[in-house]
Structures are given as C-alpha cells and as structure tokens.
Amino acid sequence: MLKVDQAVIIGGGFSGTLLGINLLRYGTLKVTIIERQADRLGRGLAYGAAQEGHILNVRAANMSALPDQPDHFADWLATRRLGEQGSFATRRDYGAYLCALLDEVSSRAQGRLTTLAEEAIDLLQTDGGVRAILRSGATVDADIAALAPGNLPPHDLPAFARLQSTAYVNDPSAPTSPRGCSPRTMSCCSAAG
Ligand SMILES: Cc1cc2nc3c(=O)[nH]c(=O)nc-3n(C[C@H](O)[C@H](O)[C@H](O)COP(=O)(O)OP(=O)(O)OC[C@H]3O[C@@H](n4cnc5c(N)ncnc54)[C@H](O)[C@@H]3O)c2cc1C
C-alpha cells in the first residue's frame, strides 16, 4: 500500500488553504503550502484584493470552511459581531476567517505545516513521489502534490495591448486598480464585474 507522509500544495489561495486546513485536521500528514504572493496566503484572489465594500455573493450560512461544521463561519462572524447566518459578509472578513483558521489548525498540528512564499515553476515525478521546483532554485519533495493555482492573471486583448490610458484597467482585482477612481466609478466597476 502507498505510504503517504508528506503533501505539497501549490497555490495557497482559497482551495489550497482549505485543503491544507482539512488535511491538518485529519490524519498525520505533513503539509507544505507554496504561495507565490505572500499576502494571498489563505485569501487568494477573491478574498485578498477586495475592498472594504466588496461582499460575498453567498450567505454566511453556506460559507463554512469545515464540511462537518456548517455553522462555523456564521458563528465566527457572530462572535466578532460582524454578522450572522443570513449575512453577506465582506470578502475581506472571509479572508481573515480562512487565515485565522489556518493559524489555529496549524498551531494544533505541531509543526506539520510549512508555508513557503515562493513560486513553483515545475513539478517532476520522482521514484518515491513528486518534486516541486521553485523559482529560487529550491526544491520540495513530497509523496503527493495538489495543484491549486487558481485562474491565470488577465491578459491584454491584442487591440488594447499598447493602450496607454488610465481609463483602461486590465485587472480590476489588482490592489492598485482603484487608484484615481471615484466611488461612483468603483460601484460601476463592481456592478460590471
Ligand atoms: C473577484 C472574485 C470574487 C469572488 N467572490 C466569490 C464569492 O463571493 N463567493 C464564492 O463562493 N466565490 C467567489 N468567487 C469565486 C472564488 O474565487 C473561487 O471559488 C475560489 O476563490 C478560487 O480559489 P482557488 O484556490 O482556485 O484560486 P485562488 O484563491 O485565486 O488561489 C490560487 C493561488 O495560487 C497562487 N499561485 C498560482 N500559481 C502559483 C505557482 N506557480 N506557485 C505558487 N503559487 C501560485 C496564486 O498566487 C493564488 O494565491 C469569486 C472570485 C473572484 C475572482
């Protein structure tokens, strides 16, 4: 039978973090999460770059990170007076919830979690498992790998590639995108997105 001691997760956004949390909660696996953008660990694109006014499109009652505890997120909100079961919480609060849960679970898992602020550029099959190659030149060996890299960053459409205009924003989720926008422009952007 295949013996699995070590898992490597490439991408520490929403899916990678949730997988890490649940692997640490059950069993004895050691987990390494590789996330290239340190400020996205636990948050990813959706719950990291959000502005204060950006809210989830799903009620708190359906956003628990723990399948066996469906009220977990709603209770977390209620304890902090941020909402309850029927609330549409902010995406920032949801990112904070995931990060707090990862911290809590890893502190109980006694050294089983390693997080690396690195970019994985390749993944090789080895005799015993897999080897992730990082941009820094370092490597991470594991028995199994999970790929959770999310969506590719947006590309410019060819017609807009050379456009030099502040009216053109190719990545509305980038932290710098709202600069110079009025609240009215921002709400139009949000509605369009
Ligand atoms: C703006 C927005 C709002 C959303 N709002 C909601 C909502 O309200 N409710 C809802 O249910 N869903 C929402 N979603 C959908 C939600 O984003 C997805 O369901 C989920 O967050 C995707 O998670 P993910 O782990 O696949 O990607 P991400 O959370 O983006 O994580 C991928 C991570 O992998 C990292 N990465 C990529 N390549 C590498 C590499 N080579 N090496 C290391 N790290 C790497 C990236 O930096 C990133 O942090 C929203 C999505 C977006 C874009």
# chains A, B, ... in the order shown; residues from 1 in each chain; ligands from 1
>>> residues_near_ligand(ligand="ligand 1", cutoff="9 Å", atoms="only C-alpha atoms and all ligand atoms", output="PDB file with C-alpha atoms, in the first residue's frame")
ATOM      1  CA  ILE A   9       0.073  22.095  -2.211  1.00  0.00           C
ATOM      2  CA  ILE A  10       0.939  24.538  -4.990  1.00  0.00           C
ATOM      3  CA  GLY A  11      -1.140  27.677  -4.589  1.00  0.00           C
ATOM      4  CA  GLY A  12      -2.142  28.899  -1.147  1.00  0.00           C
ATOM      5  CA  GLY A  13      -5.351  30.709  -2.096  1.00  0.00           C
ATOM      6  CA  PHE A  14      -8.856  29.555  -1.245  1.00  0.00           C
ATOM      7  CA  SER A  15      -8.690  25.930  -2.443  1.00  0.00           C
ATOM      8  CA  GLY A  16      -5.072  25.285  -1.359  1.00  0.00           C
ATOM      9  CA  THR A  17      -5.715  26.729   2.094  1.00  0.00           C
ATOM     10  CA  LEU A  18      -8.954  24.790   2.585  1.00  0.00           C
ATOM     11  CA  ILE A  33       1.831  25.125   1.021  1.00  0.00           C
ATOM     12  CA  ILE A  34       3.684  27.074  -1.665  1.00  0.00           C
ATOM     13  CA  GLU A  35       2.174  30.521  -2.351  1.00  0.00           C
ATOM     14  CA  ARG A  36       3.951  32.986  -4.624  1.00  0.00           C
ATOM     15  CA  GLN A  37       2.204  36.087  -3.268  1.00  0.00           C
ATOM     16  CA  ALA A  38       2.740  36.194   0.488  1.00  0.00           C
ATOM     17  CA  ASP A  39      -0.269  38.476   1.066  1.00  0.00           C
ATOM     18  CA  ARG A  40      -2.549  35.993  -0.719  1.00  0.00           C
ATOM     19  CA  LEU A  41      -1.820  33.050   1.581  1.00  0.00           C
ATOM     20  CA  GLY A  42      -5.196  31.975   2.947  1.00  0.00           C
ATOM     21  CA  ARG A  43      -7.040  34.539   0.840  1.00  0.00           C
ATOM     22  CA  GLY A  44      -6.258  34.046  -2.833  1.00  0.00           C
ATOM     23  CA  LEU A  45      -7.583  36.414  -5.448  1.00  0.00           C
ATOM     24  CA  ALA A  46     -11.178  36.608  -4.295  1.00  0.00           C
ATOM     25  CA  TYR A  47     -10.627  37.280  -0.587  1.00  0.00           C
ATOM     26  CA  GLY A  48      -7.293  39.136  -0.730  1.00  0.00           C
ATOM     27  CA  ALA A  49      -7.516  42.121  -3.052  1.00  0.00           C
ATOM     28  CA  ALA A  50     -11.077  43.004  -2.085  1.00  0.00           C
ATOM     29  CA  HIS A  54     -16.926  44.079  -1.623  1.00  0.00           C
ATOM     30  CA  ILE A  55     -19.215  41.427  -0.222  1.00  0.00           C
ATOM     31  CA  LEU A  56     -19.590  37.685  -0.717  1.00  0.00           C
ATOM     32  CA  ASN A  57     -22.315  36.571  -3.112  1.00  0.00           C
ATOM     33  CA  VAL A  58     -23.261  33.670  -0.815  1.00  0.00           C
ATOM     34  CA  ARG A  59     -24.799  33.908   2.669  1.00  0.00           C
ATOM     35  CA  ASN A  62     -23.238  28.417   3.228  1.00  0.00           C
ATOM     36  CA  MET A  63     -19.604  29.545   3.516  1.00  0.00           C
ATOM     37  CA  PHE A  88     -23.496  38.579   3.183  1.00  0.00           C
ATOM     38  CA  ALA A  89     -20.139  39.165   4.887  1.00  0.00           C
ATOM     39  CA  THR A  90     -17.330  41.147   3.302  1.00  0.00           C
ATOM     40  CA  ARG A  91     -14.790  39.250   1.238  1.00  0.00           C
ATOM     41  CA  LEU A 116       6.733  28.958   1.578  1.00  0.00           C
ATOM     42  CA  ALA A 117       6.440  32.377  -0.085  1.00  0.00           C
ATOM     43  CA  GLU A 118       7.767  31.042  -3.384  1.00  0.00           C
ATOM     44  CA  GLU A 119       6.670  30.366  -6.930  1.00  0.00           C
ATOM     45  CA  ALA A 120       6.599  26.774  -8.144  1.00  0.00           C
ATOM     46  CA  ILE A 121       7.850  26.614 -11.735  1.00  0.00           C
ATOM     47  CA  ASP A 122       7.855  22.876 -12.330  1.00  0.00           C
ATOM     48  CA  LEU A 134      10.788  26.651  -7.035  1.00  0.00           C
ATOM     49  CA  ARG A 135      11.874  29.815  -8.837  1.00  0.00           C
ATOM     50  CA  LEU A 147      -2.315  21.846  -7.803  1.00  0.00           C
ATOM     51  CA  ALA A 148      -4.422  24.806  -6.669  1.00  0.00           C
ATOM     52  CA  PRO A 149      -3.082  27.719  -8.761  1.00  0.00           C
ATOM     53  CA  GLY A 150      -6.465  29.367  -9.444  1.00  0.00           C
ATOM     54  CA  ASN A 151      -7.036  31.405 -12.572  1.00  0.00           C
ATOM     55  CA  LEU A 152      -4.291  32.815 -14.775  1.00  0.00           C
ATOM     56  CA  PRO A 153      -3.715  36.569 -14.403  1.00  0.00           C
ATOM     57  CA  PRO A 172      -9.847  45.075 -11.764  1.00  0.00           C
ATOM     58  CA  SER A 173      -8.773  42.909  -8.808  1.00  0.00           C
ATOM     59  CA  GLY A 193     -17.567  42.620 -12.559  1.00  0.00           C
TER      60      GLY A 193
END
>>> select_by_dssp(residues="region 61-127 of chain A", states="helix (DSSP H, G or I)", output="PDB file with N, CA and C atoms, in the first residue's frame")
ATOM      1  N   ALA A  61     -24.233  31.361   6.038  1.00  0.00           N
ATOM      2  CA  ALA A  61     -24.661  30.002   6.400  1.00  0.00           C
ATOM      3  C   ALA A  61     -24.098  28.953   5.446  1.00  0.00           C
ATOM      4  N   ASN A  62     -23.744  29.376   4.217  1.00  0.00           N
ATOM      5  CA  ASN A  62     -23.238  28.417   3.228  1.00  0.00           C
ATOM      6  C   ASN A  62     -21.750  28.582   2.936  1.00  0.00           C
ATOM      7  N   HIS A  72     -19.866  27.030  11.104  1.00  0.00           N
ATOM      8  CA  HIS A  72     -18.579  27.515  11.601  1.00  0.00           C
ATOM      9  C   HIS A  72     -18.318  28.973  11.226  1.00  0.00           C
ATOM     10  N   PHE A  73     -18.564  29.342   9.952  1.00  0.00           N
ATOM     11  CA  PHE A  73     -18.287  30.727   9.543  1.00  0.00           C
ATOM     12  C   PHE A  73     -19.286  31.695  10.171  1.00  0.00           C
ATOM     13  N   ALA A  74     -20.554  31.315  10.179  1.00  0.00           N
ATOM     14  CA  ALA A  74     -21.571  32.198  10.770  1.00  0.00           C
ATOM     15  C   ALA A  74     -21.274  32.430  12.255  1.00  0.00           C
ATOM     16  N   ASP A  75     -20.849  31.394  12.964  1.00  0.00           N
ATOM     17  CA  ASP A  75     -20.507  31.547  14.386  1.00  0.00           C
ATOM     18  C   ASP A  75     -19.285  32.451  14.552  1.00  0.00           C
ATOM     19  N   TRP A  76     -18.301  32.293  13.641  1.00  0.00           N
ATOM     20  CA  TRP A  76     -17.085  33.135  13.695  1.00  0.00           C
ATOM     21  C   TRP A  76     -17.479  34.605  13.549  1.00  0.00           C
ATOM     22  N   LEU A  77     -18.392  34.867  12.593  1.00  0.00           N
ATOM     23  CA  LEU A  77     -18.859  36.252  12.386  1.00  0.00           C
ATOM     24  C   LEU A  77     -19.595  36.764  13.621  1.00  0.00           C
ATOM     25  N   ALA A  78     -20.485  35.916  14.148  1.00  0.00           N
ATOM     26  CA  ALA A  78     -21.317  36.352  15.277  1.00  0.00           C
ATOM     27  C   ALA A  78     -20.460  36.672  16.498  1.00  0.00           C
ATOM     28  N   THR A  79     -19.438  35.854  16.748  1.00  0.00           N
ATOM     29  CA  THR A  79     -18.560  36.091  17.900  1.00  0.00           C
ATOM     30  C   THR A  79     -17.886  37.460  17.795  1.00  0.00           C
ATOM     31  N   ARG A  91     -15.772  40.227   1.701  1.00  0.00           N
ATOM     32  CA  ARG A  91     -14.790  39.250   1.238  1.00  0.00           C
ATOM     33  C   ARG A  91     -13.516  39.343   2.079  1.00  0.00           C
ATOM     34  N   ARG A  92     -13.216  40.556   2.569  1.00  0.00           N
ATOM     35  CA  ARG A  92     -12.052  40.700   3.468  1.00  0.00           C
ATOM     36  C   ARG A  92     -12.237  39.895   4.748  1.00  0.00           C
ATOM     37  N   ASP A  93     -13.442  39.974   5.315  1.00  0.00           N
ATOM     38  CA  ASP A  93     -13.687  39.213   6.551  1.00  0.00           C
ATOM     39  C   ASP A  93     -13.569  37.714   6.281  1.00  0.00           C
ATOM     40  N   TYR A  94     -14.020  37.302   5.096  1.00  0.00           N
ATOM     41  CA  TYR A  94     -13.909  35.872   4.792  1.00  0.00           C
ATOM     42  C   TYR A  94     -12.438  35.463   4.676  1.00  0.00           C
ATOM     43  N   GLY A  95     -11.598  36.329   4.074  1.00  0.00           N
ATOM     44  CA  GLY A  95     -10.158  36.047   4.003  1.00  0.00           C
ATOM     45  C   GLY A  95      -9.546  35.975   5.396  1.00  0.00           C
ATOM     46  N   ALA A  96      -9.974  36.905   6.268  1.00  0.00           N
ATOM     47  CA  ALA A  96      -9.446  36.896   7.646  1.00  0.00           C
ATOM     48  C   ALA A  96      -9.849  35.602   8.355  1.00  0.00           C
ATOM     49  N   TYR A  97     -11.072  35.150   8.098  1.00  0.00           N
ATOM     50  CA  TYR A  97     -11.574  33.890   8.693  1.00  0.00           C
ATOM     51  C   TYR A  97     -10.701  32.705   8.254  1.00  0.00           C
ATOM     52  N   LEU A  98     -10.416  32.625   6.948  1.00  0.00           N
ATOM     53  CA  LEU A  98      -9.608  31.496   6.457  1.00  0.00           C
ATOM     54  C   LEU A  98      -8.203  31.532   7.055  1.00  0.00           C
ATOM     55  N   CYS A  99      -7.609  32.749   7.106  1.00  0.00           N
ATOM     56  CA  CYS A  99      -6.252  32.864   7.670  1.00  0.00           C
ATOM     57  C   CYS A  99      -6.248  32.463   9.147  1.00  0.00           C
ATOM     58  N   ALA A 100      -7.253  32.952   9.892  1.00  0.00           N
ATOM     59  CA  ALA A 100      -7.322  32.633  11.328  1.00  0.00           C
ATOM     60  C   ALA A 100      -7.473  31.127  11.524  1.00  0.00           C
ATOM     61  N   LEU A 101      -8.272  30.504  10.669  1.00  0.00           N
ATOM     62  CA  LEU A 101      -8.488  29.061  10.812  1.00  0.00           C
ATOM     63  C   LEU A 101      -7.206  28.287  10.483  1.00  0.00           C
ATOM     64  N   LEU A 102      -6.495  28.734   9.450  1.00  0.00           N
ATOM     65  CA  LEU A 102      -5.236  28.062   9.112  1.00  0.00           C
ATOM     66  C   LEU A 102      -4.251  28.182  10.285  1.00  0.00           C
ATOM     67  N   ASP A 103      -4.173  29.366  10.882  1.00  0.00           N
ATOM     68  CA  ASP A 103      -3.279  29.565  12.045  1.00  0.00           C
ATOM     69  C   ASP A 103      -3.683  28.646  13.193  1.00  0.00           C
ATOM     70  N   GLU A 104      -4.993  28.613  13.459  1.00  0.00           N
ATOM     71  CA  GLU A 104      -5.489  27.824  14.595  1.00  0.00           C
ATOM     72  C   GLU A 104      -5.204  26.329  14.393  1.00  0.00           C
ATOM     73  N   VAL A 105      -5.506  25.852  13.196  1.00  0.00           N
ATOM     74  CA  VAL A 105      -5.323  24.425  12.918  1.00  0.00           C
ATOM     75  C   VAL A 105      -3.839  24.072  12.936  1.00  0.00           C
ATOM     76  N   SER A 106      -3.001  24.936  12.366  1.00  0.00           N
ATOM     77  CA  SER A 106      -1.568  24.600  12.304  1.00  0.00           C
ATOM     78  C   SER A 106      -0.937  24.655  13.697  1.00  0.00           C
ATOM     79  N   SER A 107      -1.440  25.538  14.575  1.00  0.00           N
ATOM     80  CA  SER A 107      -0.851  25.572  15.916  1.00  0.00           C
ATOM     81  C   SER A 107      -1.178  24.289  16.689  1.00  0.00           C
ATOM     82  N   ARG A 108      -2.318  23.667  16.349  1.00  0.00           N
ATOM     83  CA  ARG A 108      -2.666  22.402  16.995  1.00  0.00           C
ATOM     84  C   ARG A 108      -1.958  21.216  16.337  1.00  0.00           C
TER      85      ARG A 108
END
>>> atom_distance(atom1="CA of Leu123 (chain A)", atom2="CA of Ser136 (chain A)")
14.2 Å
>>> residues_around(residues="Ile144 (chain A)", least_positions_apart="4", cutoff="12 Å", atoms="only C-alpha atoms", output="PyMOL selection string")
chain A and resi 2-10+29-32+123-132+140
>>> atom_distance(atom1="CA of Glu52 (chain A)", atom2="CA of Ala65 (chain A)")
21.2 Å
>>> select_by_dssp(residues="chain A", states="strand (DSSP E)", output="PyMOL selection string")
chain A and resi 6-10+30-34+113-116+120-125+130-134+139-142+144-147
